file entry.json (JSON, C-alpha atoms)
[["chain", "number", "residue", "atom", "x", "y", "z"],
["A", 1, "MET", "CA", 0.00, 0.00, 0.00],
["A", 2, "GLN", "CA", 1.53, 3.26, -1.12],
["A", 3, "LYS", "CA", 1.45, 5.89, 1.57],
["A", 4, "ASP", "CA", 2.42, 9.50, 1.04],
["A", 5, "GLY", "CA", 3.66, 11.82, 3.73],
["A", 6, "LEU", "CA", 0.46, 13.11, 5.28],
["A", 7, "GLU", "CA", -1.14, 9.71, 5.33],
["A", 8, "ALA", "CA", 1.93, 8.17, 6.89],
["A", 9, "ILE", "CA", 1.85, 10.77, 9.64],
["A", 10, "ILE", "CA", -1.82, 10.09, 10.30],
["A", 11, "MET", "CA", -1.14, 6.37, 10.33],
["A", 12, "GLU", "CA", 1.66, 6.93, 12.77],
["A", 13, "ILE", "CA", -0.08, 9.05, 15.36],
["A", 14, "CYS", "CA", -3.68, 7.89, 15.02],
["A", 15, "ASN", "CA", -5.03, 4.43, 15.40],
["A", 16, "PRO", "CA", -5.86, 2.22, 12.41],
["A", 17, "ILE", "CA", -9.60, 2.78, 12.69],
["A", 18, "ILE", "CA", -9.29, 6.41, 11.76],
["A", 19, "TYR", "CA", -6.80, 5.51, 9.08],
["A", 20, "HIS", "CA", -9.24, 3.19, 7.35],
["A", 21, "PHE", "CA", -11.90, 5.84, 7.66],
["A", 22, "LEU", "CA", -9.55, 8.23, 5.91],
["A", 23, "ARG", "CA", -8.89, 5.72, 3.15],
["A", 24, "SER", "CA", -12.58, 5.23, 2.48],
["A", 25, "LEU", "CA", -13.09, 8.97, 2.46],
["A", 26, "LYS", "CA", -10.29, 9.38, -0.02],
["A", 27, "ASN", "CA", -11.73, 6.76, -2.34],
["A", 28, "ASN", "CA", -14.97, 8.69, -2.49],
["A", 29, "SER", "CA", -13.69, 12.17, -3.13],
["A", 30, "GLN", "CA", -10.20, 11.51, -4.53],
["A", 31, "THR", "CA", -8.74, 14.50, -2.72],
["A", 32, "ILE", "CA", -8.68, 15.40, 0.93],
["A", 33, "THR", "CA", -8.66, 18.99, 2.04],
["A", 34, "ILE", "CA", -7.15, 20.41, 5.16],
["A", 35, "PHE", "CA", -10.60, 21.09, 6.58],
["A", 36, "GLU", "CA", -11.57, 17.47, 6.27],
["A", 37, "LEU", "CA", -8.34, 16.57, 7.98],
["A", 38, "GLN", "CA", -9.09, 18.98, 10.77],
["A", 39, "ALA", "CA", -12.53, 17.49, 11.22],
["A", 40, "LEU", "CA", -10.99, 14.03, 11.29],
["A", 41, "PHE", "CA", -8.51, 15.07, 13.92],
["A", 42, "LEU", "CA", -11.18, 16.67, 16.06],
["A", 43, "ARG", "CA", -13.34, 13.58, 15.84],
["A", 44, "HIS", "CA", -10.42, 11.37, 16.73],
["A", 45, "PHE", "CA", -9.06, 13.41, 19.59],
["A", 46, "LYS", "CA", -12.32, 13.54, 21.46],
["A", 47, "LYS", "CA", -11.18, 10.21, 22.77],
["A", 48, "MET", "CA", -7.78, 9.34, 24.07],
["A", 49, "PRO", "CA", -6.05, 6.18, 22.91],
["A", 50, "SER", "CA", -5.28, 4.15, 25.99],
["A", 51, "GLN", "CA", -1.82, 3.29, 24.67],
["A", 52, "TYR", "CA", -0.60, 6.79, 25.56],
["A", 53, "TYR", "CA", -1.30, 6.23, 29.23],
["A", 54, "LEU", "CA", 0.26, 2.78, 29.01],
["A", 55, "PHE", "CA", 3.45, 4.21, 27.57],
["A", 56, "LEU", "CA", 3.49, 7.07, 30.07],
["A", 57, "SER", "CA", 3.29, 4.75, 33.05],
["A", 58, "LEU", "CA", 5.85, 2.43, 31.48],
["A", 59, "ALA", "CA", 8.25, 5.35, 31.11],
["A", 60, "LEU", "CA", 7.66, 6.37, 34.73],
["A", 61, "PHE", "CA", 8.29, 2.80, 35.90],
["A", 62, "CYS", "CA", 11.52, 2.57, 33.92],
["A", 63, "ILE", "CA", 12.72, 5.89, 35.31],
["A", 64, "GLY", "CA", 12.16, 4.41, 38.76],
["A", 65, "VAL", "CA", 14.14, 1.29, 37.82],
["A", 66, "MET", "CA", 16.97, 3.45, 36.52],
["A", 67, "GLY", "CA", 17.01, 5.39, 39.78],
["A", 68, "VAL", "CA", 17.24, 2.22, 41.84],
["A", 69, "LEU", "CA", 20.12, 0.98, 39.70],
["A", 70, "MET", "CA", 21.97, 4.30, 39.52],
["A", 71, "ARG", "CA", 21.89, 5.79, 42.99],
["A", 72, "ARG", "CA", 23.64, 4.63, 46.14],
["A", 73, "ASN", "CA", 21.71, 6.74, 48.62],
["A", 74, "ALA", "CA", 19.26, 4.43, 50.42],
["A", 75, "ILE", "CA", 16.62, 7.17, 50.80],
["A", 76, "ILE", "CA", 16.68, 7.95, 47.08],
["A", 77, "ILE", "CA", 16.24, 4.23, 46.37],
["A", 78, "LEU", "CA", 13.13, 4.20, 48.56],
["A", 79, "MET", "CA", 11.85, 7.25, 46.69],
["A", 80, "CYS", "CA", 12.38, 5.52, 43.36],
["A", 81, "ILE", "CA", 10.34, 2.58, 44.64],
["A", 82, "GLU", "CA", 7.59, 5.08, 45.41],
["A", 83, "LEU", "CA", 7.88, 6.33, 41.84],
["A", 84, "MET", "CA", 7.41, 2.79, 40.50],
["A", 85, "LEU", "CA", 4.37, 2.25, 42.72],
["A", 86, "ASN", "CA", 2.86, 5.45, 41.39],
["A", 87, "ALA", "CA", 3.42, 4.33, 37.82],
["A", 88, "VAL", "CA", 1.44, 1.19, 38.59],
["A", 89, "ASN", "CA", -1.27, 3.30, 40.24],
["A", 90, "LEU", "CA", -1.56, 5.43, 37.11],
["A", 91, "LEU", "CA", -1.92, 2.29, 35.00],
["A", 92, "LEU", "CA", -4.64, 0.92, 37.27],
["A", 93, "VAL", "CA", -6.59, 4.17, 37.14],
["A", 94, "THR", "CA", -6.28, 4.12, 33.35],
["A", 95, "PHE", "CA", -7.77, 0.65, 33.15],
["A", 96, "SER", "CA", -10.46, 1.65, 35.64],
["A", 97, "LYS", "CA", -11.44, 4.51, 33.36],
["A", 98, "MET", "CA", -11.24, 2.31, 30.29],
["A", 99, "TYR", "CA", -13.56, -0.39, 31.59],
["A", 100, "ASN", "CA", -15.67, 1.79, 33.91],
["A", 101, "ASP", "CA", -14.77, -0.43, 36.81],
["A", 102, "PRO", "CA", -14.29, 0.87, 40.39],
["A", 103, "ASN", "CA", -12.39, -2.24, 41.55],
["A", 104, "ALA", "CA", -9.12, -1.01, 40.04],
["A", 105, "GLN", "CA", -9.38, 2.23, 41.98],
["A", 106, "LEU", "CA", -9.81, 0.23, 45.18],
["A", 107, "PHE", "CA", -6.58, -1.58, 44.37],
["A", 108, "VAL", "CA", -4.91, 1.81, 44.12],
["A", 109, "PHE", "CA", -6.08, 2.51, 47.67],
["A", 110, "PHE", "CA", -4.55, -0.69, 48.94],
["A", 111, "ILE", "CA", -1.30, 0.01, 47.10],
["A", 112, "MET", "CA", -1.18, 3.39, 48.82],
["A", 113, "VAL", "CA", -1.76, 1.73, 52.21],
["A", 114, "VAL", "CA", 1.04, -0.77, 51.67],
["A", 115, "ALA", "CA", 3.33, 1.99, 50.39],
["A", 116, "ALA", "CA", 2.75, 4.11, 53.50],
["A", 117, "ALA", "CA", 3.50, 1.18, 55.82],
["A", 118, "GLU", "CA", 6.55, 0.22, 53.79],
["A", 119, "VAL", "CA", 7.95, 3.73, 53.84],
["A", 120, "SER", "CA", 7.55, 4.14, 57.58],
["A", 121, "ILE", "CA", 9.31, 0.84, 58.28],
["A", 122, "GLY", "CA", 12.01, 1.48, 55.68],
["A", 123, "LEU", "CA", 12.80, 4.93, 57.00],
["A", 124, "ALA", "CA", 12.93, 3.58, 60.57],
["A", 125, "ILE", "CA", 15.44, 0.94, 59.46],
["A", 126, "ILE", "CA", 17.51, 3.55, 57.61],
["A", 127, "VAL", "CA", 17.57, 5.86, 60.65],
["A", 128, "MET", "CA", 18.65, 2.95, 62.86],
["A", 129, "MET", "CA", 21.45, 1.96, 60.46],
["A", 130, "TYR", "CA", 22.54, 5.59, 60.21],
["A", 131, "ARG", "CA", 22.95, 5.72, 63.97],
["A", 132, "LYS", "CA", 25.17, 2.63, 63.85],
["A", 133, "VAL", "CA", 27.39, 3.24, 60.81],
["A", 134, "HIS", "CA", 26.88, 6.98, 60.12],
["A", 135, "SER", "CA", 26.21, 6.43, 56.45],
["A", 136, "ILE", "CA", 23.29, 5.66, 54.16],
["A", 137, "ASP", "CA", 25.44, 4.36, 51.32],
["A", 138, "VAL", "CA", 23.97, 1.01, 50.28],
["A", 139, "HIS", "CA", 27.47, -0.30, 49.55],
["A", 140, "ILE", "CA", 28.33, 0.18, 53.20],
["A", 141, "LEU", "CA", 24.98, -1.03, 54.47],
["A", 142, "ASN", "CA", 25.15, -4.34, 52.62],
["A", 143, "ARG", "CA", 26.68, -6.23, 55.52],
["A", 144, "LEU", "CA", 24.07, -7.69, 57.82],
["A", 145, "LYS", "CA", 26.38, -7.98, 60.83],
["A", 146, "ASN", "CA", 28.12, -4.88, 62.18],
["B", 1, "MET", "CA", -6.41, 18.94, 19.67],
["B", 2, "ASN", "CA", -8.90, 19.80, 22.33],
["B", 3, "ILE", "CA", -8.18, 21.03, 25.81],
["B", 4, "TYR", "CA", -8.04, 17.50, 27.27],
["B", 5, "GLN", "CA", -5.37, 16.44, 24.82],
["B", 6, "ILE", "CA", -3.28, 19.53, 25.48],
["B", 7, "THR", "CA", -3.60, 19.01, 29.23],
["B", 8, "PHE", "CA", -2.58, 15.39, 28.86],
["B", 9, "TRP", "CA", 0.56, 16.20, 26.87],
["B", 10, "ILE", "CA", 1.63, 19.02, 29.17],
["B", 11, "LEU", "CA", 1.03, 16.91, 32.29],
["B", 12, "SER", "CA", 2.91, 13.95, 30.80],
["B", 13, "LEU", "CA", 5.84, 16.15, 29.87],
["B", 14, "PHE", "CA", 6.04, 17.61, 33.36],
["B", 15, "THR", "CA", 5.61, 14.19, 35.00],
["B", 16, "LEU", "CA", 8.51, 12.67, 33.08],
["B", 17, "ALA", "CA", 10.70, 15.76, 33.50],
["B", 18, "PHE", "CA", 10.19, 15.84, 37.26],
["B", 19, "ALA", "CA", 10.73, 12.08, 37.51],
["B", 20, "ILE", "CA", 14.05, 12.45, 35.72],
["B", 21, "GLY", "CA", 14.84, 15.30, 38.10],
["B", 22, "VAL", "CA", 14.29, 12.93, 41.03],
["B", 23, "ILE", "CA", 16.97, 10.51, 39.90],
["B", 24, "MET", "CA", 19.36, 13.13, 38.54],
["B", 25, "SER", "CA", 19.62, 15.75, 41.29],
["B", 26, "ARG", "CA", 22.62, 15.50, 43.57],
["B", 27, "ASN", "CA", 20.99, 16.97, 46.65],
["B", 28, "PRO", "CA", 18.48, 14.58, 48.31],
["B", 29, "ILE", "CA", 16.24, 17.48, 49.34],
["B", 30, "ASN", "CA", 15.91, 18.55, 45.70],
["B", 31, "SER", "CA", 15.04, 14.94, 44.91],
["B", 32, "VAL", "CA", 12.22, 14.94, 47.43],
["B", 33, "LEU", "CA", 10.85, 18.23, 46.10],
["B", 34, "PHE", "CA", 10.92, 16.89, 42.53],
["B", 35, "LEU", "CA", 9.08, 13.79, 43.71],
["B", 36, "ILE", "CA", 6.36, 15.94, 45.30],
["B", 37, "LEU", "CA", 5.96, 17.78, 41.97],
["B", 38, "THR", "CA", 5.73, 14.42, 40.19],
["B", 39, "PHE", "CA", 2.95, 13.36, 42.55],
["B", 40, "PHE", "CA", 1.06, 16.56, 41.86],
["B", 41, "CYS", "CA", 1.28, 15.88, 38.12],
["B", 42, "ILE", "CA", 0.04, 12.32, 38.63],
["B", 43, "SER", "CA", -2.87, 13.74, 40.63],
["B", 44, "GLY", "CA", -3.59, 15.95, 37.63],
["B", 45, "HIS", "CA", -3.77, 12.81, 35.50],
["B", 46, "TYR", "CA", -6.21, 11.30, 38.00],
["B", 47, "VAL", "CA", -8.45, 14.36, 37.78],
["B", 48, "LEU", "CA", -8.30, 14.13, 34.00],
["B", 49, "MET", "CA", -9.51, 10.54, 34.23],
["B", 50, "ASN", "CA", -12.38, 11.32, 36.63],
["B", 51, "ALA", "CA", -10.75, 9.77, 39.68],
["B", 52, "GLN", "CA", -11.18, 12.88, 41.80],
["B", 53, "PHE", "CA", -11.16, 11.15, 45.16],
["B", 54, "LEU", "CA", -7.97, 9.28, 44.31],
["B", 55, "ALA", "CA", -6.36, 12.55, 43.24],
["B", 56, "ILE", "CA", -7.10, 14.15, 46.60],
["B", 57, "VAL", "CA", -5.96, 11.05, 48.49],
["B", 58, "ASN", "CA", -2.79, 10.97, 46.41],
["B", 59, "ILE", "CA", -1.99, 14.56, 47.35],
["B", 60, "ILE", "CA", -2.83, 14.09, 51.03],
["B", 61, "VAL", "CA", -1.14, 10.73, 51.56],
["B", 62, "TYR", "CA", 1.85, 10.92, 49.22],
["B", 63, "ALA", "CA", 2.70, 14.59, 48.89],
["B", 64, "GLY", "CA", 1.44, 15.41, 52.37],
["B", 65, "ALA", "CA", 2.45, 12.57, 54.64],
["B", 66, "ILE", "CA", 5.04, 10.31, 53.01],
["B", 67, "MET", "CA", 7.11, 13.08, 51.51],
["B", 68, "VAL", "CA", 7.12, 15.02, 54.77],
["B", 69, "LEU", "CA", 8.46, 11.85, 56.40],
["B", 70, "PHE", "CA", 11.23, 11.67, 53.78],
["B", 71, "LEU", "CA", 12.10, 15.35, 54.19],
["B", 72, "PHE", "CA", 12.13, 15.00, 57.95],
["B", 73, "VAL", "CA", 14.50, 12.03, 57.87],
["B", 74, "ILE", "CA", 16.81, 13.72, 55.37],
["B", 75, "MET", "CA", 16.96, 16.88, 57.45],
["B", 76, "LEU", "CA", 17.48, 14.81, 60.61],
["B", 77, "MET", "CA", 20.52, 13.15, 59.05],
["B", 78, "ASN", "CA", 21.83, 16.47, 57.78],
["B", 79, "LEU", "CA", 22.59, 15.09, 54.34],
["B", 80, "ASN", "CA", 23.66, 17.34, 51.52],
["B", 81, "SER", "CA", 25.30, 16.98, 48.16],
["B", 82, "ASP", "CA", 28.79, 16.87, 49.68],
["B", 83, "THR", "CA", 28.14, 13.68, 51.59],
["B", 84, "GLU", "CA", 26.14, 12.15, 48.75],
["B", 85, "PRO", "CA", 27.76, 8.87, 47.71],
["B", 86, "GLN", "CA", 28.29, 8.56, 43.97],
["B", 87, "LYS", "CA", 28.55, 5.43, 41.91],
["B", 88, "ASN", "CA", 31.24, 5.43, 39.30],
["B", 89, "PHE", "CA", 30.35, 6.35, 35.77],
["B", 90, "LEU", "CA", 30.32, 2.80, 34.42],
["B", 91, "VAL", "CA", 27.73, 1.60, 36.93],
["B", 92, "GLN", "CA", 25.53, 4.64, 36.25],
["B", 93, "PHE", "CA", 25.78, 4.04, 32.53],
["B", 94, "ALA", "CA", 24.88, 0.38, 33.00],
["B", 95, "GLY", "CA", 21.85, 1.41, 35.07],
["B", 96, "VAL", "CA", 20.63, 3.80, 32.38],
["B", 97, "VAL", "CA", 21.17, 1.21, 29.64],
["B", 98, "SER", "CA", 19.33, -1.55, 31.49],
["B", 99, "GLY", "CA", 16.44, 0.75, 32.39],
["B", 100, "GLY", "CA", 16.20, 1.91, 28.80],
["B", 101, "ALA", "CA", 16.33, -1.68, 27.56],
["B", 102, "LEU", "CA", 13.47, -2.56, 29.90],
["B", 103, "LEU", "CA", 11.44, 0.35, 28.54],
["B", 104, "LEU", "CA", 12.21, -0.65, 24.96],
["B", 105, "ILE", "CA", 11.23, -4.27, 25.49],
["B", 106, "MET", "CA", 8.01, -3.40, 27.32],
["B", 107, "VAL", "CA", 6.99, -0.88, 24.64],
["B", 108, "ALA", "CA", 7.74, -3.38, 21.89],
["B", 109, "ALA", "CA", 5.81, -6.14, 23.67],
["B", 110, "ILE", "CA", 2.79, -3.90, 24.21],
["B", 111, "LYS", "CA", 2.86, -2.57, 20.66],
["B", 112, "SER", "CA", 2.95, -6.09, 19.26],
["B", 113, "SER", "CA", 0.16, -7.37, 21.47],
["B", 114, "LEU", "CA", -2.24, -4.47, 21.24],
["B", 115, "THR", "CA", -4.89, -6.31, 19.29],
["B", 116, "GLY", "CA", -7.39, -6.18, 22.12],
["B", 117, "LEU", "CA", -6.67, -2.60, 23.07],
["B", 118, "GLU", "CA", -6.71, -0.90, 19.70],
["B", 119, "GLY", "CA", -10.38, -0.10, 19.75],
["B", 120, "LYS", "CA", -10.33, 0.86, 23.41],
["B", 121, "ASN", "CA", -10.20, 4.58, 23.82],
["B", 122, "ILE", "CA", -10.33, 6.59, 26.95],
["B", 123, "ASP", "CA", -13.25, 8.94, 26.83],
["B", 124, "LEU", "CA", -11.93, 12.04, 28.53],
["B", 125, "ILE", "CA", -14.90, 14.24, 27.74],
["B", 126, "ASN", "CA", -17.86, 12.23, 28.99],
["B", 127, "SER", "CA", -17.26, 12.01, 32.69],
["B", 128, "THR", "CA", -18.17, 8.96, 34.72],
["B", 129, "ASP", "CA", -18.95, 8.93, 38.41],
["B", 130, "ILE", "CA", -17.14, 5.77, 39.45],
["B", 131, "GLY", "CA", -14.32, 7.82, 40.95],
["B", 132, "LEU", "CA", -16.56, 9.68, 43.36],
["B", 133, "ILE", "CA", -16.59, 8.98, 47.06],
["B", 134, "LYS", "CA", -20.06, 7.46, 47.12],
["B", 135, "ASN", "CA", -19.35, 4.68, 44.62],
["B", 136, "LEU", "CA", -15.89, 3.92, 45.90],
["B", 137, "GLY", "CA", -17.12, 3.81, 49.47],
["B", 138, "THR", "CA", -19.92, 1.45, 48.55],
["B", 139, "VAL", "CA", -17.49, -0.95, 46.90],
["B", 140, "LEU", "CA", -14.92, -0.58, 49.67],
["B", 141, "PHE", "CA", -17.31, -1.35, 52.49],
["B", 142, "THR", "CA", -19.12, -4.20, 50.78],
["B", 143, "THR", "CA", -16.77, -6.17, 48.55],
["B", 144, "TYR", "CA", -13.47, -5.17, 50.09],
["B", 145, "VAL", "CA", -14.37, -4.83, 53.74],
["B", 146, "PHE", "CA", -12.12, -7.71, 54.84],
["B", 147, "PRO", "CA", -8.97, -6.41, 53.08],
["B", 148, "PHE", "CA", -9.83, -3.02, 54.55],
["B", 149, "GLU", "CA", -9.68, -4.42, 58.07],
["B", 150, "ILE", "CA", -6.49, -6.31, 57.25],
["B", 151, "ALA", "CA", -5.01, -2.99, 56.10],
["B", 152, "SER", "CA", -5.75, -1.47, 59.49],
["B", 153, "VAL", "CA", -3.92, -4.35, 61.19],
["B", 154, "LEU", "CA", -1.02, -3.81, 58.77],
["B", 155, "PHE", "CA", -0.88, -0.14, 59.75],
["B", 156, "LEU", "CA", -0.91, -0.99, 63.43],
["B", 157, "SER", "CA", 1.96, -3.46, 63.03],
["B", 158, "ALA", "CA", 3.89, -0.96, 60.91],
["B", 159, "MET", "CA", 3.45, 1.70, 63.58],
["B", 160, "VAL", "CA", 4.60, -0.60, 66.37],
["B", 161, "GLY", "CA", 7.52, -1.79, 64.25],
["B", 162, "ALA", "CA", 8.62, 1.75, 63.42],
["B", 163, "VAL", "CA", 8.52, 2.76, 67.09],
["B", 164, "VAL", "CA", 10.51, -0.33, 68.14],
["B", 165, "LEU", "CA", 13.07, 0.14, 65.36],
["B", 166, "GLY", "CA", 13.44, 3.84, 66.03],
["B", 167, "LYS", "CA", 14.23, 3.41, 69.71],
["B", 168, "LYS", "CA", 17.80, 3.98, 70.72],
["B", 169, "ASP", "CA", 19.85, 1.01, 71.89],
["B", 170, "SER", "CA", 20.50, 2.46, 75.33],
["B", 171, "ALA", "CA", 16.78, 2.85, 75.93],
["B", 172, "LEU", "CA", 16.27, -0.79, 75.01],
["B", 173, "LYS", "CA", 19.08, -1.87, 77.33],
["B", 174, "THR", "CA", 17.65, -0.01, 80.30],
["B", 175, "ALA", "CA", 14.21, -1.40, 79.53],
["B", 176, "GLU", "CA", 15.63, -4.87, 79.79]]
call {"tool": "encode", "arguments": {"input": "entry.json", "output": "structure tokens"}}
result
Amino acid sequence: MQKDGLEAIIMEICNPIIYHFLRSLKNNSQTITIFELQALFLRHFKKMPSQYYLFLSLALFCIGVMGVLMRRNAIIILMCIELMLNAVNLLLVTFSKMYNDPNAQLFVFFIMVVAAAEVSIGLAIIVMMYRKVHSIDVHILNRLKN
Amino acid sequence: MNIYQITFWILSLFTLAFAIGVIMSRNPINSVLFLILTFFCISGHYVLMNAQFLAIVNIIVYAGAIMVLFLFVIMLMNLNSDTEPQKNFLVQFAGVVSGGALLLIMVAAIKSSLTGLEGKNIDLINSTDIGLIKNLGTVLFTTYVFPFEIASVLFLSAMVGAVVLGKKDSALKTAE
């Protein structure tokens, strides 16, 4: 299928449904004006493709993973775990909106509960270790004894 | 491009920029402040998707409580960028490469298996009311009432554990 520039762009950023609609429109009228394009875009962008939210939360999650791998400060590592949990929360809310289902939003509540408990315990452990060894470098904290 | 689309793109841009700021800033306090901004942007996404109650809870619990805890601990330890331990360049580079590879693989996997999701769009204009307090409360106190009680026990144990862990050794010795 031969695709020229404008069509390729539309194919790239829109989903295939709108692309086939454009093809059928083009077969009828042979040419497509900029106004028709604008109308097409408006009709399409009333709704949001769910892939965008998927990719956004994936990117957030991977930034969190990078932070855990890159940093040596134990507090920053905890914060990056929080970032990953929030990426998952965003994904759950997206699916909740997509399927009109409140159960996913309840799961977000429970993730928040577990995150709050985890952070309080983790920070208590970090404070205790800091009193002992005067450092929060994970390379120094990796010994369990002394 | 309607106003919802523009809001989505701007919020996504800020979310990712602040998240990168979290892992890039040398000073831990700057990191915490960037993380608070990230949480505000994620709350904006929740509002955009009609999860208003979750947005408020996100701000109160994460930006209000957890981040204050982080800031308090960092200020208690008197950390700054001078004492910040740094990994060497090779390890940092390996971290960025493996994180990027994870992103690449996940994006490729989702793009290749999107057959069920292609027709699914998120309707940002027509609002639903599943994110309101009434509906969520009904579900929480009927279907999920047992996990809710378990969560309260979890909080209690976390509180006791944090108090026990945070006690100084000398206080424990004298208690014994």
call {"tool": "interface_residues", "arguments": {"input": "entry.json", "of": "chain A", "to": "chain B", "cutoff": "7 Å", "atoms": "all atoms listed in the file", "output": "ChimeraX atom specification"}}
result
/A:42,45-50,55-56,58-60,62-63,65-67,69-73,76,97-98,100,102,106,113,116-117,120-121,124-125,128,137
call {"tool": "atom_distance", "arguments": {"input": "entry.json", "atom1": "atom CA of Thr142 of chain B", "atom2": "atom CA of Ile111 of chain A"}}
result
18.7 Å
call {"tool": "atom_distance", "arguments": {"input": "entry.json", "atom1": "atom CA of Val47 of chain B", "atom2": "atom CA of Ile6 of chain B"}}
result
14.3 Å
call {"tool": "atom_distance", "arguments": {"input": "entry.json", "atom1": "atom CA of Ala87 of chain A", "atom2": "atom CA of Val119 of chain A"}}
result
16.7 Å
call {"tool": "closest_residue", "arguments": {"input": "entry.json", "among": "B:Leu37, B:Ala108, B:Leu48, B:Leu11", "to": "Gln51 of chain A", "atoms": "all atoms listed in the file"}}
result
B:Ala108
call {"tool": "decode", "arguments": {"input": "entry.json", "residues": "segment 22-28 of chain B", "atoms": "all heavy atoms", "output": "compact mmCIF listing (two decimals), in the first residue's frame"}}
result
# COMPACT_ATOMS: atom_id res chain seq x y z
N VAL B 22 14.14 13.68 39.77
CA VAL B 22 14.29 12.93 41.03
C VAL B 22 15.57 12.12 41.00
O VAL B 22 16.34 12.12 41.96
CB VAL B 22 13.09 11.99 41.25
CG1 VAL B 22 13.32 11.07 42.41
CG2 VAL B 22 11.84 12.79 41.50
N ILE B 23 15.81 11.41 39.89
CA ILE B 23 16.97 10.51 39.90
C ILE B 23 18.25 11.23 39.50
O ILE B 23 19.32 10.68 39.66
CB ILE B 23 16.73 9.29 38.99
CG1 ILE B 23 16.62 9.70 37.54
CG2 ILE B 23 15.52 8.54 39.41
CD1 ILE B 23 16.63 8.53 36.62
N MET B 24 18.16 12.47 39.00
CA MET B 24 19.36 13.13 38.54
C MET B 24 19.93 14.13 39.56
O MET B 24 21.12 14.43 39.50
CB MET B 24 19.09 13.88 37.23
CG MET B 24 19.00 12.97 36.03
SD MET B 24 20.52 12.06 35.79
CE MET B 24 20.06 10.96 34.50
N SER B 25 19.10 14.65 40.46
CA SER B 25 19.62 15.75 41.29
C SER B 25 20.55 15.20 42.37
O SER B 25 20.31 14.14 42.94
CB SER B 25 18.45 16.51 41.91
OG SER B 25 17.63 15.63 42.61
N ARG B 26 21.61 15.94 42.61
CA ARG B 26 22.62 15.50 43.57
C ARG B 26 22.13 15.62 45.00
O ARG B 26 22.41 14.77 45.83
CB ARG B 26 23.88 16.37 43.40
CG ARG B 26 24.61 16.12 42.12
CD ARG B 26 25.68 15.07 42.32
NE ARG B 26 26.31 14.75 41.06
CZ ARG B 26 25.89 13.80 40.25
NH1 ARG B 26 24.81 13.10 40.56
NH2 ARG B 26 26.53 13.53 39.14
N ASN B 27 21.41 16.71 45.28
CA ASN B 27 20.99 16.97 46.65
C ASN B 27 19.71 16.17 46.95
O ASN B 27 18.75 16.26 46.20
CB ASN B 27 20.71 18.47 46.78
CG ASN B 27 20.67 18.91 48.22
OD1 ASN B 27 20.42 18.09 49.10
ND2 ASN B 27 20.88 20.17 48.45
N PRO B 28 19.69 15.37 48.02
CA PRO B 28 18.48 14.58 48.31
C PRO B 28 17.24 15.43 48.54
O PRO B 28 16.13 15.00 48.24
CB PRO B 28 18.87 13.80 49.56
CG PRO B 28 20.32 13.74 49.53
CD PRO B 28 20.79 15.01 48.91
